[in-house]
Amino acid sequence: LTRLERQKIYEEARRPVDALYFERDKLYRELRSIRDYESKDFIRIYKRIEKISYKLIPAAHERAQRKVFEQMNNVGSFGAENVLGEIEVDFHALHVNEAKDLFDESVVPVLQAVGAITIVVGRGHHSEGGVAKLKPALKKH
């Protein structure tokens with residue numbers, strides 16, 4: 001995949017997550033304007049914020065992580081040999097905790113059988129400060 005294709009995958013997968021954060025922020029602003037903490041509007045908005053924060057956002061993150069990983073490692077490329085004959089798995093566009101979870105779930109179980117796997121993580125250009133986070137985190141993990 002090209003850099004632009006990977007970026008598109010990331011943006012499309014994360015769009016629902018971003019929309020939920022946007023909705024939650026909008027509701028927080030609305031909530032601050034309500035002075036009666038026992039009003040039906042306050043309670044309704046507060047419950048929606050709770051649902052977004054504790055149920056919908058975590059579920060959307062999970063779906064996004066799966067979608068990114070699956071598309072970066074589609075059926076034709078996941079665990080496929082690269083030009084050097086090495087088995088390769090792409091972790092581009094995943095957050096550190098997501099990459100760790102997917103590493104444990106998809107790489108560790110087959111590592112002993114195949115001996116070695118090349119993990120592709122990128123250079124960190126899209127990380128905060130442009131500093132790589134995945135590579136050091138997965139090495140430490």
# chains A, B, ... in the order shown; residues from 1 in each chain; ligands from 1

call {"tool": "residues_around", "arguments": {"residues": "His141 of chain A", "least_positions_apart": "6", "cutoff": "12 Å", "atoms": "only C-alpha atoms", "output": "MDAnalysis selection string"}}
result
chainID A and resid 96:97 99:104 108 134:135

call {"tool": "closest_atom_pairs", "arguments": {"of": "segment 22-46 of chain A", "to": "segment 57-75 of chain A", "cutoff": "12 Å", "atoms": "only C-alpha atoms", "output": "JSON lines"}}
result
{"residue": "A:Phe22", "atom": "CA", "partner": "A:Ile57", "partner_atom": "CA", "distance": 11.0}
{"residue": "A:Glu23", "atom": "CA", "partner": "A:Ile57", "partner_atom": "CA", "distance": 10.7}
{"residue": "A:Arg24", "atom": "CA", "partner": "A:Ile57", "partner_atom": "CA", "distance": 9.7}

call {"tool": "select_by_dssp", "arguments": {"residues": "chain A", "states": "alpha helix (DSSP H)", "output": "MDAnalysis selection string"}}
result
chainID A and resid 3:32 40:51 57:72 96:102 108:114 134:140

call {"tool": "closest_residue", "arguments": {"among": "A:Asp18, A:Val110, A:Arg35, A:Lys26", "to": "Leu56 of chain A", "atoms": "only C-alpha atoms"}}
result
A:Asp18

call {"tool": "residues_around", "arguments": {"residues": "Lys133 of chain A", "least_positions_apart": "2", "cutoff": "9 Å", "atoms": "only C-alpha atoms", "output": "number ranges by chain"}}
result
A: 95-96, 121, 123-124, 127-128, 131, 135-138

call {"tool": "write_last_selection", "arguments": {"atoms": "N, CA and C atoms", "output": "mmCIF file, in the first residue's frame"}}
result
data_model
loop_
_atom_site.group_PDB
_atom_site.id
_atom_site.type_symbol
_atom_site.label_atom_id
_atom_site.label_comp_id
_atom_site.auth_asym_id
_atom_site.auth_seq_id
_atom_site.Cartn_x
_atom_site.Cartn_y
_atom_site.Cartn_z
ATOM 1 N N HIS A 95 -2.719 2.695 17.097
ATOM 2 C CA HIS A 95 -2.225 3.322 18.313
ATOM 3 C C HIS A 95 -1.439 2.271 19.094
ATOM 4 N N VAL A 96 -0.592 2.714 20.003
ATOM 5 C CA VAL A 96 0.317 1.812 20.711
ATOM 6 C C VAL A 96 -0.426 0.664 21.391
ATOM 7 N N VAL A 121 6.038 -0.905 11.068
ATOM 8 C CA VAL A 121 5.396 0.066 11.954
ATOM 9 C C VAL A 121 5.432 1.502 11.437
ATOM 10 N N ARG A 123 7.470 5.206 10.425
ATOM 11 C CA ARG A 123 8.519 6.030 11.027
ATOM 12 C C ARG A 123 8.012 7.009 12.064
ATOM 13 N N GLY A 124 6.723 7.076 12.256
ATOM 14 C CA GLY A 124 6.181 7.987 13.248
ATOM 15 C C GLY A 124 5.851 9.370 12.723
ATOM 16 N N SER A 127 2.724 10.571 14.208
ATOM 17 C CA SER A 127 2.648 10.577 15.668
ATOM 18 C C SER A 127 2.856 11.996 16.176
ATOM 19 N N GLU A 128 2.416 12.227 17.391
ATOM 20 C CA GLU A 128 2.603 13.538 18.007
ATOM 21 C C GLU A 128 4.097 13.849 18.065
ATOM 22 N N VAL A 131 7.523 11.691 16.239
ATOM 23 C CA VAL A 131 8.431 10.713 16.844
ATOM 24 C C VAL A 131 7.775 9.333 16.834
ATOM 25 N N LYS A 135 7.368 1.373 17.224
ATOM 26 C CA LYS A 135 8.576 0.558 17.233
ATOM 27 C C LYS A 135 9.153 0.397 18.640
ATOM 28 N N PRO A 136 9.405 1.486 19.375
ATOM 29 C CA PRO A 136 9.939 1.291 20.724
ATOM 30 C C PRO A 136 8.954 0.571 21.648
ATOM 31 N N ALA A 137 7.662 0.854 21.492
ATOM 32 C CA ALA A 137 6.674 0.214 22.359
ATOM 33 C C ALA A 137 6.600 -1.285 22.109
ATOM 34 N N LEU A 138 6.610 -1.690 20.835
ATOM 35 C CA LEU A 138 6.537 -3.127 20.530
ATOM 36 C C LEU A 138 7.840 -3.835 20.892
#
